[in-house]
Each structure stands twice: as C-alpha cells, then as structure tokens.
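**Q** Please find model_16.cif (mmCIF, C-alpha atoms) on the next line:
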data_my_file
#
loop_
_atom_site.label_atom_id
_atom_site.label_comp_id
_atom_site.auth_asym_id
_atom_site.auth_seq_id
_atom_site.Cartn_x
_atom_site.Cartn_y
_atom_site.Cartn_z
CA MET A 1 11.84 -65.75 -299.52
CA THR A 2 12.27 -69.13 -297.88
CA ASN A 3 14.42 -69.81 -294.86
CA SER A 4 17.56 -71.85 -295.23
CA VAL A 5 17.79 -75.15 -293.41
CA ILE A 6 19.85 -76.11 -290.35
CA THR A 7 20.59 -79.81 -290.05
CA LYS A 8 20.61 -82.04 -287.01
CA LYS A 9 24.37 -82.43 -287.46
CA GLN A 10 24.90 -78.66 -287.39
CA ILE A 11 22.88 -78.44 -284.18
CA SER A 12 24.63 -81.44 -282.66
CA ASP A 13 28.03 -79.95 -283.54
CA MET A 14 27.25 -77.02 -281.20
CA ILE A 15 27.27 -79.47 -278.27
CA SER A 16 30.64 -80.44 -276.79
CA GLU A 17 31.78 -83.59 -278.55
CA GLU A 18 32.29 -85.54 -275.34
CA PHE A 19 28.60 -85.14 -274.43
CA ARG A 20 26.80 -85.37 -277.81
CA TYR A 21 26.00 -89.05 -277.38
CA PHE A 22 23.80 -88.30 -274.36
CA PHE A 23 21.51 -85.87 -276.21
CA ASP A 24 19.44 -87.61 -278.89
CA LEU A 25 18.04 -84.71 -280.89
CA ARG A 26 14.84 -86.02 -282.46
CA LEU A 27 14.76 -83.96 -285.66
CA ASP A 28 16.21 -84.04 -289.14
CA SER A 29 16.43 -80.36 -289.99
CA VAL A 30 14.83 -77.04 -289.08
CA THR A 31 14.49 -73.68 -290.76
CA SER A 32 17.08 -71.03 -289.97
CA ASP A 33 14.58 -68.88 -288.04
CA LEU A 34 15.00 -71.44 -285.24
CA GLN A 35 18.78 -71.13 -285.13
CA GLN A 36 18.81 -68.94 -282.01
CA PRO A 37 16.75 -71.31 -279.80
CA PHE A 38 19.00 -74.20 -280.84
CA GLN A 39 22.16 -72.17 -280.20
CA LEU A 40 20.82 -71.30 -276.75
CA LEU A 41 19.88 -74.92 -276.10
CA ALA A 42 23.42 -75.98 -277.02
CA GLU A 43 24.79 -73.26 -274.72
CA ALA A 44 22.57 -74.58 -271.91
CA ILE A 45 23.65 -78.17 -272.55
CA ASN A 46 27.34 -77.24 -272.56
CA LEU A 47 26.92 -75.25 -269.34
CA PHE A 48 24.92 -78.05 -267.70
CA CYS A 49 27.60 -80.61 -268.54
CA LYS A 50 30.20 -78.54 -266.64
CA PHE A 51 28.22 -79.15 -263.43
CA THR A 52 27.11 -82.74 -263.86
CA ASN A 53 28.35 -86.22 -264.54
CA ILE A 54 26.08 -87.22 -267.41
CA ASN A 55 25.55 -90.97 -267.39
CA LYS A 56 22.35 -91.58 -269.34
CA LYS A 57 20.94 -90.73 -272.73
CA ALA A 58 17.73 -88.76 -273.25
CA GLU A 59 15.63 -88.00 -276.29
CA LEU A 60 14.91 -84.33 -276.99
CA PHE A 61 11.79 -83.50 -279.03
CA PHE A 62 10.97 -80.11 -280.53
CA ASN A 63 7.72 -78.59 -281.71
CA LEU A 64 6.30 -75.21 -282.65
CA GLY A 65 3.34 -75.22 -280.31
CA ASN A 66 2.07 -77.13 -277.33
CA GLN A 67 1.43 -80.39 -279.21
CA GLY A 68 3.26 -82.66 -281.56
CA THR A 69 4.12 -86.17 -282.59
CA ALA A 70 7.09 -87.89 -281.02
CA PHE A 71 8.96 -90.34 -283.23
CA SER A 72 11.53 -92.66 -281.73
CA PRO A 73 12.91 -96.09 -282.56
CA ASP A 74 10.82 -97.33 -279.63
CA PHE A 75 7.53 -95.41 -280.08
CA VAL A 76 5.36 -92.95 -281.96
CA PHE A 77 2.78 -90.95 -280.04
CA GLN A 78 0.86 -87.71 -280.05
CA TYR A 79 1.43 -85.37 -277.12
CA HIS A 80 0.03 -82.13 -275.77
CA ILE A 81 1.84 -79.85 -273.30
CA ASN A 82 -0.75 -78.39 -270.94
CA PRO A 83 -0.39 -74.65 -270.26
CA PRO A 84 1.15 -72.97 -268.42
CA ALA A 85 4.00 -75.46 -269.03
CA ILE A 86 6.27 -74.57 -271.95
CA HIS A 87 8.66 -77.53 -271.86
CA ILE A 88 8.23 -80.83 -270.08
CA TYR A 89 10.30 -83.82 -269.08
CA TYR A 90 8.87 -87.33 -268.97
CA ASN A 91 10.63 -90.69 -268.77
CA HIS A 92 14.01 -89.74 -270.31
CA CYS A 93 12.33 -87.53 -272.90
CA ILE A 94 12.29 -83.73 -272.97
CA PHE A 95 9.66 -81.92 -275.04
CA PHE A 96 10.47 -78.34 -276.03
CA ASN A 97 7.93 -75.81 -277.31
CA LEU A 98 10.18 -73.59 -279.42
CA HIS A 99 7.35 -71.30 -280.51
CA ILE A 100 6.93 -69.95 -276.98
CA SER A 101 10.52 -70.16 -275.78
CA LYS A 102 11.93 -68.26 -278.76
CA GLN A 103 9.80 -65.29 -277.71
CA CYS A 104 11.60 -65.09 -274.35
CA ASP A 105 14.80 -63.27 -273.47
CA SER A 106 17.84 -65.41 -274.31
CA ARG A 107 18.83 -65.67 -270.62
CA MET A 108 15.36 -66.89 -269.74
CA GLN A 109 15.48 -69.45 -272.55
CA ILE A 110 18.75 -70.83 -271.21
CA ALA A 111 17.27 -71.05 -267.70
CA MET A 112 14.21 -72.90 -269.00
CA TYR A 113 16.38 -75.35 -270.96
CA LEU A 114 18.60 -75.90 -267.92
CA GLU A 115 15.52 -76.64 -265.82
CA GLU A 116 14.39 -79.48 -268.09
CA LEU A 117 17.93 -80.85 -268.28
CA ALA A 118 18.09 -80.85 -264.47
CA HIS A 119 14.76 -82.66 -264.23
CA CYS A 120 15.97 -85.28 -266.66
CA TYR A 121 19.61 -85.86 -265.86
CA MET A 122 19.63 -85.00 -262.14
CA ASN A 123 16.27 -86.65 -261.39
CA ILE A 124 14.93 -83.55 -259.66
CA SER A 125 11.14 -83.62 -259.46
CA ASP A 126 10.64 -80.73 -257.04
CA GLU A 127 9.92 -77.52 -258.98
CA ILE A 128 11.32 -75.16 -256.35
CA LEU A 129 14.50 -77.15 -255.87
CA VAL A 130 15.13 -77.42 -259.61
CA LYS A 131 14.83 -73.65 -260.02
CA LYS A 132 17.36 -73.10 -257.22
CA VAL A 133 19.73 -75.57 -258.85
CA VAL A 134 19.38 -73.76 -262.18
CA CYS A 135 20.18 -70.43 -260.54
CA SER A 136 23.29 -71.89 -258.92
CA MET A 137 24.51 -73.04 -262.35
CA TYR A 138 23.40 -69.92 -264.21
CA PRO A 139 23.82 -66.72 -262.17
CA LEU A 140 22.28 -64.53 -264.89
CA VAL A 141 18.88 -65.45 -263.43
CA ARG A 142 17.48 -65.64 -259.91
CA TYR A 143 14.45 -67.43 -258.53
CA ASN A 144 11.68 -65.26 -257.12
CA GLU A 145 9.98 -67.57 -254.61
CA LEU A 146 6.97 -65.27 -254.08
CA GLU A 147 6.16 -65.19 -257.79
CA ASP A 148 7.48 -68.72 -258.39
CA GLN A 149 9.42 -67.63 -261.47
CA TYR A 150 12.85 -66.80 -262.79
CA GLU A 151 13.93 -63.18 -263.06
CA ILE A 152 16.84 -61.73 -265.00
CA ASN A 153 19.80 -60.51 -262.94
CA GLU A 154 20.74 -57.12 -264.36
#
Mind turning the file's structure into structure tokens?
**A**
Amino acid sequence: MTNSVITKKQISDMISEEFRYFFDLRLDSVTSDLQQPFQLLAEAINLFCKFTNINKKAELFFNLGNQGTAFSPDFVFQYHINPPAIHIYYNHCIFFNLHISKQCDSRMQIAMYLEELAHCYMNISDEILVKKVVCSMYPLVRYNELEDQYEINE
C-alpha cells in the first residue's frame, strides 16, 4: 500500500495566514507518513510568531537523513548535516532532518523546530541562550544545563 500525498499548500495552510509569506517551504509534496512532523512544525511556527515580530523571509528545506540537495531560485547545492546536529540554520535557510526528528517525542520536536526558528529569525547564535529562549516560549520543555539538552516537563 502506498502512502497518500500531502502538498506544499496543505502544509502551508497549517501556518497562520498572516505569517505564511515569511516561511518559504522548499518542497512540492510529501508522503502522508510525514504529516505529523509537518503538523508539529506548523504548530511551532504559529507559536513562535506569537512571541516575535517576523520581518524577514527564510527558506526551509526538508530531508530524510543528514544530507540532501537544496533547490532555490538562487542556488542548488548538496549539503550534509554533521552529527550530532539534527537541524541547522545557515544564512536565512533552515535544514530539517525529518527522519531523526520524527522519532522524537512531539514536544521535543516542537522545541527543536523552535530552536532553529529562533536562530534564524531572532539572530541568536549562542546555543545556551537559544535553548533558554525556546523554554520561555514553550514551557512543556526545560533546559538541563548540565546535560546541555532539553527535557520534557511532566
């Protein structure tokens, strides 16, 4: 049995209309097994927009592994996300590894998506600071400074 397809428009429609312009989803369609990560990404974007004044557009790329090809009107290039990183932000582009993130708890996925959004739209380069900002926006996780990782608030 094959998976049904989810279109870019369906994914984009999950993002608040007033903010869609600022999130250039670089995909045409995906199989329905990826619906949950995209729903959680949209949830993270909508939450993030409640705390920020978005004023720039970014390109969001998605792959099922730590490498892929990025297509844009301005460029085409091959990329590789070096472990232990799962998602990365670089120069107004966010690269998401959906294969790894979809294996995580939904609250952790939202925290990870928020972190990359904060890097991109809030220009936060410090990894500790960005995690603290994420936790202030999303109280379902906390930052464990000793382990340098998010933890779920039960």
**Q** Starting from the PyMOL selection byres ((chain A and resi 79) around 9), expand the selection into actual residues of this file and give them as a PyMOL selection string.
**A** chain A and resi 66-70+77-78+80-81
**Q** Deliver the residues from the most recent selection as a file, using C-alpha atoms, as a compact mmCIF listing (two decimals), in the frame of the given file.
**A**
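Produced file again-v9.txt, reproduced below:
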# COMPACT_ATOMS: atom_id res chain seq x y z
CA ASN A 66 2.07 -77.13 -277.33
CA GLN A 67 1.43 -80.39 -279.21
CA GLY A 68 3.26 -82.66 -281.56
CA THR A 69 4.12 -86.17 -282.59
CA ALA A 70 7.09 -87.89 -281.02
CA PHE A 77 2.78 -90.95 -280.04
CA GLN A 78 0.86 -87.71 -280.05
CA HIS A 80 0.03 -82.13 -275.77
CA ILE A 81 1.84 -79.85 -273.30
**Q** One number please: atom CA of Glu18 of chain A to atom CA of Phe96 of chain A, in Å, one decimal.
**A**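 Taking atom CA of Glu18 of chain A and atom CA of Phe96 of chain A, their separation equals 23.0 Å.
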**Q** Which residues fall under the PyMOL selection byres ((chain A and resi 38-44) around 6) in this file, as a VMD selection string?
**A** chain A and resid 14 to 15 35 to 37 45 to 48 110 114
**Q** Calculate how many Å separate atom CA of Ser136 of chain A from atom CA of Met122 of chain A, rounding to one decimal.
**A**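 Value for the atom CA of Ser136 of chain A-atom CA of Met122 of chain A distance: 14.0 Å.
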**Q** Go through A:Ile88, A:Leu129, A:Leu140, A:Ile11 one by one, measure the shortest atom-to-atom distance of each to Ser29 of chain A using all atoms listed in the file, and give the residue with the smallest value.
**A**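 Among the listed residues, A:Ile11 lies closest to Ser29 of chain A.
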**Q** Within 8 Å of Leu27 of chain A, counting all atoms listed in the file, which residues qualify if same-chain residues fewer than 3 places away don't, as an MDAnalysis selection string?
**A** chainID A and resid 8 30 61:62
**Q** When you draw a straight line from atom CA of Asn123 of chain A to atom CA of Glu59 of chain A, how long is it in Å?
**A** 15.0 Å
**Q** Would you please work out which residue, of A:Tyr150, A:Tyr90, A:Phe51, A:Phe23, is nearest to Ala111 of chain A when using all atoms listed in the file?
**A** A:Tyr150
**Q** Could you give me, as a ChimeraX atom specification, the residues that sit within 10 Å of (19.6, -56.3, -261.3) in the file's coordinates, counting only C-alpha atoms?
**A** /A:140-142,151-154
**Q** Which residues match the PyMOL selection byres ((chain A and resi 148) around 12) in the file above, as a ChimeraX atom specification?
**A** /A:127-132,142-147,149-151
**Q** Neighbours of Phe22 of chain A within 10 Å (only C-alpha atoms; same-chain residues fewer than 4 positions away dropped), as an mmCIF file with C-alpha atoms, in the coordinates of the input?
**A**
data_model
loop_
_atom_site.group_PDB
_atom_site.id
_atom_site.type_symbol
_atom_site.label_atom_id
_atom_site.label_comp_id
_atom_site.auth_asym_id
_atom_site.auth_seq_id
_atom_site.Cartn_x
_atom_site.Cartn_y
_atom_site.Cartn_z
ATOM 1 C CA GLU A 18 32.290 -85.540 -275.340
ATOM 2 C CA ILE A 54 26.080 -87.220 -267.410
ATOM 3 C CA ASN A 55 25.550 -90.970 -267.390
ATOM 4 C CA LYS A 56 22.350 -91.580 -269.340
ATOM 5 C CA LYS A 57 20.940 -90.730 -272.730
ATOM 6 C CA ALA A 58 17.730 -88.760 -273.250
ATOM 7 C CA GLU A 59 15.630 -88.000 -276.290
ATOM 8 C CA TYR A 121 19.610 -85.860 -265.860
#
**Q** List every protein, DNA or RNA residue that has at least one atom no more than 10 Å from (1.5, -73.6, -282.0) in the file's coordinates, counting all atoms listed in the file, and write the result as a ChimeraX atom specification.
**A** /A:63-68,97-100
